[in-house]
>>> print(open('input02.txt').read())   # compact mmCIF, C-alpha atoms
# COMPACT_ATOMS: atom_id res chain seq x y z
CA MET O 597 3.44 28.40 29.98
CA ALA O 598 6.90 27.26 29.01
CA ARG O 599 8.42 24.46 31.06
CA GLN O 600 12.18 24.52 31.26
CA THR O 601 14.57 21.61 31.43
CA GLY O 602 18.31 21.46 31.73
CA SER O 603 20.62 22.95 34.32
CA HIS O 604 21.23 26.69 34.41
CA SER O 605 22.02 29.32 36.97
CA SER O 606 19.54 31.98 38.01
CA SER O 607 21.34 34.53 35.86
CA SER O 608 21.52 32.43 32.68
CA ALA O 609 18.92 31.92 29.97
CA PRO O 610 16.82 28.73 29.91
CA HIS O 611 18.53 25.89 28.12
CA LEU O 612 15.51 24.13 26.64
CA PRO O 613 12.08 25.76 27.00
CA ARG O 614 9.10 23.56 26.18
CA PRO O 615 5.91 25.48 25.32
CA VAL O 616 2.97 23.30 26.34
CA ARG O 617 0.03 25.51 25.44
CA GLY O 618 -1.79 25.82 22.15
CA ALA O 619 -0.89 29.50 21.78
CA GLY O 620 2.22 30.58 19.89
CA ARG O 621 2.30 27.65 17.50
CA SER O 622 4.02 29.38 14.59
CA SER O 623 7.75 29.03 14.15
CA GLY O 624 8.02 32.82 14.22
CA SER O 625 6.41 33.20 17.63
CA LEU O 626 8.64 30.49 19.09
CA ARG O 627 11.78 32.42 18.16
CA GLY O 628 11.23 34.69 21.12
CA HIS O 629 12.66 31.91 23.28
CA LEU O 630 15.76 31.77 21.07
CA GLU O 631 16.18 35.53 21.33
CA GLY O 632 15.99 35.12 25.09
CA GLY O 633 18.96 32.76 25.03
CA ALA O 634 17.43 29.31 24.63
CA LYS O 635 19.38 26.91 22.42
CA THR O 636 16.41 24.83 21.27
CA VAL O 637 12.62 25.05 21.72
CA VAL O 638 10.37 21.96 21.83
CA GLN O 639 6.76 22.70 20.87
CA SER O 640 3.98 20.36 22.06
CA SER O 641 1.85 20.77 18.93
CA PRO O 642 2.31 21.03 15.16
CA TYR O 643 3.44 24.31 13.68
CA LYS O 644 0.66 26.56 12.50
CA SER O 645 1.08 29.14 9.78
CA LYS O 646 -1.37 31.53 8.14
CA GLN O 647 0.48 31.01 4.86
CA LYS O 648 -0.53 27.62 3.48
CA GLY O 649 2.03 25.55 1.65
CA VAL O 650 5.07 27.42 2.98
CA PRO O 651 7.83 24.93 3.91
CA LEU O 652 9.35 24.91 7.37
CA PRO O 653 12.49 27.00 7.92
CA ASP O 654 15.74 25.06 7.72
CA ASP O 655 16.23 25.26 11.49
CA ALA O 656 12.78 23.82 12.27
CA THR O 657 11.73 20.17 12.28
CA MET O 658 8.90 17.91 13.39
CA LEU O 659 9.84 14.80 15.35
CA ILE O 660 7.97 11.90 16.96
CA HIS O 661 9.73 9.74 19.51
CA GLY O 662 10.13 6.21 18.19
CA ILE O 663 9.57 7.28 14.60
CA ASN O 664 12.14 9.90 13.53
CA HIS O 665 13.51 11.46 16.75
CA PHE O 666 17.01 10.30 15.77
CA GLU O 667 16.97 12.91 12.99
CA PHE O 668 17.45 15.72 15.51
CA ASP O 669 20.59 17.70 14.70
CA PRO O 670 21.60 20.07 17.53
CA ALA O 671 23.79 22.08 15.15
CA LYS O 672 20.87 22.67 12.78
CA HIS O 673 17.53 22.35 14.55
CA LYS O 674 16.57 25.20 16.86
CA LEU O 675 12.79 24.67 16.73
CA VAL O 676 11.32 21.21 17.32
CA SER O 677 7.64 20.32 17.03
CA ALA O 678 6.50 17.12 18.74
CA ALA O 679 3.54 16.91 16.31
CA SER O 680 0.24 16.04 18.01
CA CYS O 681 -1.35 13.16 19.89
CA THR O 682 -3.27 12.03 16.80
CA THR O 683 -0.24 12.24 14.50
CA THR O 684 1.87 10.34 17.05
CA ALA O 685 -0.65 7.49 17.27
CA LEU O 686 -1.16 7.44 13.50
CA ALA O 687 2.59 7.31 12.83
CA HIS O 688 3.03 4.31 15.11
CA MET O 689 0.09 2.62 13.38
CA MET O 690 1.48 3.23 9.88
CA ARG O 691 5.13 2.40 10.56
CA PRO O 692 4.71 -1.40 10.73
CA LEU O 693 2.56 -1.39 7.57
CA LEU O 694 5.16 0.60 5.63
CA ASP O 695 7.91 -1.74 6.83
CA ARG O 696 6.32 -4.86 5.29
CA ASP O 697 6.27 -5.88 1.63
CA LEU O 698 2.68 -7.11 1.96
CA THR O 699 1.27 -3.71 2.91
CA ARG O 700 3.73 -0.96 1.95
CA ASN O 701 2.45 -0.48 -1.61
CA MET O 702 -0.77 1.31 -0.74
CA ILE O 703 -2.93 3.16 -3.22
CA THR O 704 -4.51 5.53 -0.73
CA ALA O 705 -5.14 5.89 2.98
CA GLY O 706 -7.60 7.70 5.19
CA MET O 707 -8.05 8.20 8.89
CA SER O 708 -10.74 9.22 11.34
CA THR O 709 -10.22 10.25 14.93
CA VAL O 710 -13.01 10.29 17.51
CA HIS O 711 -12.25 12.11 20.72
CA SER O 712 -13.58 14.26 23.50
CA VAL O 713 -13.96 18.02 23.61
CA THR O 714 -10.87 20.22 23.39
CA ASN O 715 -10.02 23.76 24.49
CA SER O 716 -11.32 25.04 21.15
CA SER O 717 -14.74 23.41 21.62
CA ARG O 718 -17.79 25.40 22.65
CA CYS O 719 -19.62 24.57 25.87
CA SER O 720 -22.71 26.41 24.64
CA THR O 721 -23.95 27.59 21.24
CA PRO O 722 -23.39 31.33 20.87
CA CYS O 723 -24.03 33.39 17.77
CA PRO O 724 -21.47 32.70 15.03
CA ARG O 725 -18.74 35.22 14.46
CA PRO O 726 -19.04 37.38 11.32
CA GLY O 727 -17.66 35.53 8.33
CA ALA O 728 -17.69 32.10 9.99
CA THR O 729 -17.71 29.34 7.38
CA ASP O 730 -17.90 26.21 9.57
CA LEU O 731 -20.99 26.72 11.70
CA ARG O 732 -20.65 23.30 13.35
CA LYS O 733 -17.58 24.47 15.27
CA ASN O 734 -19.86 27.01 16.91
CA ARG O 735 -22.22 24.37 18.33
CA GLY O 736 -22.04 23.19 21.92
CA ALA O 737 -19.78 20.13 22.15
CA LEU O 738 -21.03 18.77 25.47
CA ASP O 739 -24.25 17.41 24.00
CA ASN O 740 -23.37 17.07 20.31
CA ILE O 741 -21.16 14.95 18.08
CA VAL O 742 -19.37 17.58 16.00
CA LEU O 743 -17.71 16.75 12.68
CA THR O 744 -14.56 18.78 12.17
CA SER O 745 -11.17 18.66 10.46
CA THR O 746 -7.71 17.62 11.56
CA ASN O 747 -4.22 18.38 10.27
CA ALA O 748 -2.86 15.04 11.49
CA ALA O 749 -2.41 13.66 7.97
CA ALA O 750 -0.50 16.73 6.77
CA ALA O 751 1.75 16.54 9.81
CA LEU O 752 2.28 12.82 9.22
CA GLU O 753 3.71 13.55 5.78
CA GLN O 754 6.36 15.77 7.39
CA VAL O 755 7.33 13.06 9.86
CA MET O 756 7.15 10.16 7.37
CA PRO O 757 8.01 11.46 3.87
CA GLU O 758 7.24 8.05 2.34
CA MET O 759 3.57 8.83 2.95
CA ARG O 760 3.73 11.51 0.25
CA ALA O 761 4.26 9.06 -2.57
CA SER O 762 4.24 5.31 -3.05
CA LEU O 763 5.33 3.08 -5.89
CA HIS O 764 1.86 3.56 -7.34
CA GLY O 765 1.72 7.34 -7.17
CA ARG O 766 0.56 9.69 -4.46
CA LEU O 767 -0.40 8.06 -1.16
CA GLY O 768 -2.76 10.70 0.12
CA ALA O 769 -4.10 10.50 3.67
CA HIS O 770 -7.62 11.88 3.81
CA PRO O 771 -8.55 12.86 7.37
CA HIS O 772 -11.58 13.91 9.32
CA ALA O 773 -12.34 14.14 13.02
CA GLU O 774 -15.32 13.91 15.32
CA ARG O 775 -15.57 15.48 18.75
CA GLU O 776 -17.83 13.75 21.20
CA PRO O 777 -18.87 14.47 24.81
CA HIS O 778 -16.90 11.49 26.09
CA HIS O 779 -13.79 10.86 28.16
CA PRO O 780 -10.50 12.33 26.83
CA GLN O 781 -9.36 9.04 25.35
CA ARG O 782 -9.54 8.75 21.60
CA ASP O 783 -9.95 5.90 19.20
CA LEU O 784 -8.26 6.17 15.86
CA PRO O 785 -9.52 4.08 12.97
CA GLU O 786 -6.94 4.01 10.20
CA ARG O 787 -8.13 3.02 6.78
CA GLY O 788 -5.68 1.86 4.14
CA VAL O 789 -6.02 0.19 0.76
CA PRO O 790 -3.08 -2.13 0.09
CA ASP O 791 -2.80 -3.76 -3.31
CA GLY O 792 -0.82 -6.57 -4.88
CA THR O 793 -1.19 -9.97 -6.45
CA VAL O 794 -2.64 -11.61 -3.34
CA SER O 795 -5.49 -10.50 -1.11
CA VAL O 796 -4.66 -9.21 2.37
CA GLU O 797 -6.46 -10.99 5.19
CA ARG O 798 -7.26 -9.90 8.74
CA ASP O 799 -4.87 -12.40 10.32
CA SER O 800 -2.05 -11.10 8.13
CA ILE O 801 -2.60 -7.52 9.31
CA ASN O 802 -2.80 -8.52 12.97
CA ALA O 803 0.34 -10.64 12.58
CA ILE O 804 2.23 -7.56 11.34
CA TYR O 805 1.37 -5.68 14.52
CA GLU O 806 2.08 -8.67 16.76
CA ASP O 807 5.51 -9.10 15.12
CA ALA O 808 6.22 -5.36 15.33
CA ARG O 809 5.91 -5.20 19.13
CA PRO O 810 9.44 -6.44 19.99
CA GLU O 811 11.05 -4.75 16.99
CA ARG O 812 12.52 -1.52 18.33
CA ARG O 813 9.09 -0.59 19.69
CA ASN O 814 10.03 -0.59 23.39
CA GLY O 815 6.40 -0.64 24.41
CA LEU O 816 5.47 2.20 22.05
CA LEU O 817 3.08 -0.06 20.17
CA LYS O 818 0.81 -2.60 21.84
CA PHE O 819 -1.47 -5.19 20.29
CA SER O 820 -4.62 -6.19 22.16
CA THR O 821 -7.19 -8.92 21.65
CA GLU O 822 -9.35 -7.61 24.49
CA GLN O 823 -12.63 -5.81 23.86
CA ASN O 824 -11.51 -2.44 25.19
CA VAL O 825 -13.48 0.70 25.95
CA SER O 826 -12.11 4.20 26.40
CA ARG O 827 -11.76 3.98 30.20
CA ASP O 828 -9.40 1.04 29.81
CA MET O 829 -6.90 3.42 28.21
CA LEU O 830 -6.58 5.81 31.16
CA GLY O 831 -2.87 6.30 31.80
CA GLU O 832 -1.86 3.99 28.94
CA ASN O 833 1.83 4.47 28.19
CA ALA O 834 1.91 3.12 24.63
CA ALA O 835 1.73 5.56 21.73
CA VAL O 836 -1.10 3.41 20.35
CA VAL O 837 -2.87 0.19 21.31
CA ILE O 838 -4.08 -1.78 18.30
CA GLU O 839 -7.57 -3.20 18.84
CA GLY O 840 -6.95 -6.51 17.06
CA VAL O 841 -10.50 -7.84 17.39
CA GLU O 842 -11.74 -4.92 15.29
CA THR O 843 -9.36 -5.35 12.35
CA HIS O 844 -11.40 -5.83 9.18
CA THR O 845 -10.51 -6.56 5.57
CA ARG O 846 -12.63 -6.71 2.45
CA THR O 847 -11.28 -7.67 -0.95
CA GLY O 848 -12.78 -6.83 -4.31
CA PHE O 849 -11.44 -7.63 -7.76
CA MET O 850 -10.75 -5.42 -10.74
CA ASN O 851 -10.52 -6.85 -14.25
CA LEU O 852 -7.78 -5.15 -16.25
CA LEU O 853 -7.26 -5.55 -19.98
CA VAL O 854 -3.58 -5.84 -20.87
CA PRO O 855 -3.02 -5.14 -24.59
CA ALA O 856 -0.80 -7.38 -26.64
CA ARG O 857 2.82 -6.29 -26.95
CA GLU O 858 2.68 -6.32 -30.74
CA PRO O 859 -0.17 -4.88 -32.87
CA GLY O 860 -2.31 -7.68 -34.29
CA ALA O 861 -0.78 -10.27 -31.99
CA GLY O 862 -4.13 -11.35 -30.64
CA GLU O 863 -6.78 -10.38 -28.16
CA PRO O 864 -5.71 -8.50 -25.02
CA ASP O 865 -5.28 -10.55 -21.88
CA MET O 866 -7.63 -10.15 -18.93
CA VAL O 867 -5.88 -9.80 -15.57
CA ARG O 868 -7.89 -10.08 -12.35
CA ILE O 869 -6.36 -7.87 -9.65
CA PRO O 870 -7.45 -8.04 -6.00
CA LEU O 871 -7.87 -4.75 -4.13
CA THR O 872 -8.20 -4.99 -0.36
CA HIS O 873 -9.67 -2.37 1.94
CA VAL O 874 -8.29 -2.65 5.48
CA LYS O 875 -9.72 -0.98 8.56
CA ILE O 876 -7.57 -0.86 11.70
CA PHE O 877 -8.54 0.58 15.07
CA GLY O 878 -6.18 1.96 17.69
CA TRP O 879 -6.53 3.61 21.11
CA TYR O 880 -4.41 6.30 22.73
CA ASP O 881 -4.60 8.43 25.86
CA ASN O 882 -3.28 11.88 25.08
CA GLU O 883 -3.74 13.36 28.57
CA MET O 884 -1.74 11.31 31.09
CA GLY O 885 -0.40 8.63 28.79
CA SER O 886 0.47 8.14 25.14
CA TYR O 887 1.36 11.63 23.87
CA THR O 888 2.51 13.09 27.19
CA TYR O 889 5.09 10.33 27.63
CA ARG O 890 6.32 10.68 24.04
CA LEU O 891 6.74 14.44 24.54
CA GLY O 892 8.82 13.83 27.66
CA GLU O 893 10.98 11.22 25.92
CA LEU O 894 11.55 13.49 22.94
CA THR O 895 12.52 16.38 25.23
CA GLU O 896 14.99 14.17 27.06
CA HIS O 897 16.51 13.02 23.76
CA VAL O 898 16.89 16.61 22.56
CA ALA O 899 18.46 17.66 25.88
CA ARG O 900 20.95 14.77 25.83
CA SER O 901 21.90 15.55 22.22
CA MET O 902 22.70 19.20 22.85
>>> encode(input="input02.txt", output="C-alpha cells")
Amino acid sequence: MARQTGSHSSSSAPHLPRPVRGAGRSSGSLRGHLEGGAKTVVQSSPYKSKQKGVPLPDDATMLIHGINHFEFDPAKHKLVSAASCTTTALAHMMRPLLDRDLTRNMITAGMSTVHSVTNSSRCSTPCPRPGATDLRKNRGALDNIVLTSTNAAAALEQVMPEMRASLHGRLGAHPHAEREPHHPQRDLPERGVPDGTVSVERDSINAIYEDARPERRNGLLKFSTEQNVSRDMLGENAAVVIEGVETHTRTGFMNLLVPAREPGAGEPDMVRIPLTHVKIFGWYDNEMGSYTYRLGELTEHVARSM
C-alpha cells in the first residue's frame, strides 16, 4: 500500500507516495511511482538490491529525521529511504558519542538487537526450501529465540559516513539480531570500544547522553534511570530511550613498546594504553512510537521542501 500526502486533484498524479510495506524495496521498483507522476517517493525501509556493493543511484538517498534529514535536496533526490527502526535507534545512540572528543575515536563497534517476530518469521516449522542456507530462519518464531542477521549497520554507514572510518582506521559495526516471542518493542545494546589516554567510565558515558538531550534533540533521545521493561515503551515517541542503569564499562591495558627515535639511543619506552569496552542499552517502539513518528516527520520535511 502506498500512502499519499500533499494536495492534488482527482485527475493529477500523487505528489508524494509513501510505500509502507516491505515489498518493492529496490530503487528500481520504486520508480514506478515516478513514472506515474510522483515527484518524490519516501520508502519506509532500507533499499534492497540483489547486487551487493552497488552504490545508490544519484537521485536516491537514505535519511533519518534528526540525523541527516536536512540533506534532502528536492532538485536531486527522487527516492528517499527512511532506513529502518533499528538503524534509526542506533543512529540516535551513536550521534552523541561521535560528537564528543572523549568517545569519537573508536576502534570498533558492534550492535545487537533483540525484538519480537516480524512478517518474515515463521509461525510453524515447515520443511526448508531447496537450497536454504540458514535453517534457523525456517524455525517457528513463536516458541524459539532465533539468531539472525540485520543490515542496520550497513545502513548506518550510509546515513553517518563517519562510521566508515575513524582516525584509527576502519570503524566497522558488526551486527547480529535475535527474534524472540515477545512484545514488539525492541532493546538495542550498542557496544563500542573507545580509546585514548584516559579510561572511559560509566558516569562519563551517561553524562554524554544526559547533556545531549537538550542539544537539538527535541525529544528524539531520552535518558532514563528507571528499570524499564518492554511494556513501558509502548507508544514511546523518542527515537531511542537510553537505559542509563545498564551502562557498563570495562577497561583493560595494553603495553606498547615505542622504539627510540635514533638507532642505538637506548631501550624502547613502554607505554601503557587503556582500552575501554562500553556497553550501552537503548529501547525503542517501532510500531506506534519511535520509528513511526520519525517516518511521519521525515515525510513532512520532504513535502515542505518540495
>>> atom_distance(input="input02.txt", atom1="atom CA of O:Ala656", atom2="atom CA of O:Val676")
5.9 Å
>>> closest_residue(input="input02.txt", among="O:His665, O:Lys644, O:Lys875, O:Lys733", to="O:Asn747", atoms="all atoms listed in the file")
O:Lys644
>>> closest_residue(input="input02.txt", among="O:Val713, O:Leu816, O:Val837, O:Leu675", to="O:Leu652", atoms="only C-alpha atoms")
O:Leu675
>>> atom_distance(input="input02.txt", atom1="atom CA of O:Ala803", atom2="atom CA of O:Phe819")
9.6 Å
>>> residues_near_point(input="input02.txt", point="(-6.5, -8.7, -8.4)", cutoff="6 Å", atoms="all atoms listed in the file", output="list in words")
Thr793, Phe849, Met850, Arg868, Ile869, Pro870 and Leu871 of chain O
>>> closest_residue(input="input02.txt", among="O:Leu817, O:Ala751, O:Met690, O:Leu630", to="O:Glu839", atoms="only C-alpha atoms")
O:Leu817
>>> atom_distance(input="input02.txt", atom1="atom CA of O:Asp669", atom2="atom CA of O:Leu752")
19.7 Å
>>> closest_residue(input="input02.txt", among="O:Ser680, O:Asn814, O:Asn851, O:Thr721", to="O:Ile660", atoms="all atoms listed in the file")
O:Ser680
>>> residues_around(input="input02.txt", residues="O:Ala679", least_positions_apart="6", cutoff="7 Å", atoms="all atoms listed in the file", output="PyMOL selection string")
chain O and resi 640-642+658-660+751
>>> build_atoms(input="input02.txt", residues="stretch 707-724 of chain O", atoms="N, CA, C and O atoms", output="mmCIF file, in the frame of the given file")
data_model
loop_
_atom_site.group_PDB
_atom_site.id
_atom_site.type_symbol
_atom_site.label_atom_id
_atom_site.label_comp_id
_atom_site.auth_asym_id
_atom_site.auth_seq_id
_atom_site.Cartn_x
_atom_site.Cartn_y
_atom_site.Cartn_z
ATOM 1 N N MET O 707 -7.968 8.415 7.456
ATOM 2 C CA MET O 707 -8.050 8.200 8.890
ATOM 3 C C MET O 707 -9.186 9.023 9.480
ATOM 4 O O MET O 707 -9.578 10.048 8.927
ATOM 5 N N SER O 708 -9.738 8.495 10.563
ATOM 6 C CA SER O 708 -10.740 9.220 11.340
ATOM 7 C C SER O 708 -10.320 9.165 12.793
ATOM 8 O O SER O 708 -9.812 8.145 13.260
ATOM 9 N N THR O 709 -10.512 10.239 13.501
ATOM 10 C CA THR O 709 -10.220 10.250 14.930
ATOM 11 C C THR O 709 -11.476 10.703 15.667
ATOM 12 O O THR O 709 -12.123 11.671 15.270
ATOM 13 N N VAL O 710 -11.839 9.978 16.694
ATOM 14 C CA VAL O 710 -13.010 10.290 17.510
ATOM 15 C C VAL O 710 -12.514 10.575 18.920
ATOM 16 O O VAL O 710 -11.869 9.730 19.528
ATOM 17 N N HIS O 711 -12.797 11.760 19.409
ATOM 18 C CA HIS O 711 -12.250 12.110 20.720
ATOM 19 C C HIS O 711 -13.172 13.084 21.445
ATOM 20 O O HIS O 711 -14.199 13.514 20.921
ATOM 21 N N SER O 712 -12.770 13.407 22.651
ATOM 22 C CA SER O 712 -13.580 14.260 23.500
ATOM 23 C C SER O 712 -13.413 15.723 23.103
ATOM 24 O O SER O 712 -12.728 16.060 22.134
ATOM 25 N N VAL O 713 -14.056 16.593 23.881
ATOM 26 C CA VAL O 713 -13.960 18.020 23.610
ATOM 27 C C VAL O 713 -12.547 18.519 23.870
ATOM 28 O O VAL O 713 -11.784 17.926 24.631
ATOM 29 N N THR O 714 -12.181 19.612 23.216
ATOM 30 C CA THR O 714 -10.870 20.220 23.390
ATOM 31 C C THR O 714 -11.054 21.671 23.826
ATOM 32 O O THR O 714 -12.180 22.158 23.961
ATOM 33 N N ASN O 715 -9.919 22.369 24.019
ATOM 34 C CA ASN O 715 -10.020 23.760 24.490
ATOM 35 C C ASN O 715 -10.569 24.700 23.418
ATOM 36 O O ASN O 715 -10.861 25.852 23.710
ATOM 37 N N SER O 716 -10.712 24.209 22.192
ATOM 38 C CA SER O 716 -11.320 25.040 21.150
ATOM 39 C C SER O 716 -12.812 24.739 20.974
ATOM 40 O O SER O 716 -13.476 25.376 20.165
ATOM 41 N N SER O 717 -13.327 23.765 21.726
ATOM 42 C CA SER O 717 -14.740 23.410 21.620
ATOM 43 C C SER O 717 -15.600 24.392 22.412
ATOM 44 O O SER O 717 -15.149 24.993 23.386
ATOM 45 N N ARG O 718 -16.835 24.515 21.989
ATOM 46 C CA ARG O 718 -17.790 25.400 22.650
ATOM 47 C C ARG O 718 -18.601 24.616 23.677
ATOM 48 O O ARG O 718 -19.062 23.508 23.405
ATOM 49 N N CYS O 719 -18.758 25.188 24.860
ATOM 50 C CA CYS O 719 -19.620 24.570 25.870
ATOM 51 C C CYS O 719 -21.090 24.865 25.590
ATOM 52 O O CYS O 719 -21.971 24.059 25.890
ATOM 53 N N SER O 720 -21.348 26.028 25.018
ATOM 54 C CA SER O 720 -22.710 26.410 24.640
ATOM 55 C C SER O 720 -22.717 26.732 23.149
ATOM 56 O O SER O 720 -21.727 26.517 22.456
ATOM 57 N N THR O 721 -23.839 27.264 22.661
ATOM 58 C CA THR O 721 -23.950 27.590 21.240
ATOM 59 C C THR O 721 -24.224 29.072 21.082
ATOM 60 O O THR O 721 -25.385 29.491 21.007
ATOM 61 N N PRO O 722 -23.178 29.895 21.047
ATOM 62 C CA PRO O 722 -23.390 31.330 20.870
ATOM 63 C C PRO O 722 -23.632 31.670 19.410
ATOM 64 O O PRO O 722 -23.581 30.802 18.525
ATOM 65 N N CYS O 723 -23.872 32.941 19.153
ATOM 66 C CA CYS O 723 -24.030 33.390 17.770
ATOM 67 C C CYS O 723 -22.710 33.267 17.030
ATOM 68 O O CYS O 723 -21.648 33.559 17.593
ATOM 69 N N PRO O 724 -22.719 32.818 15.791
ATOM 70 C CA PRO O 724 -21.470 32.700 15.030
ATOM 71 C C PRO O 724 -20.795 34.047 14.844
ATOM 72 O O PRO O 724 -21.449 35.090 14.778
#
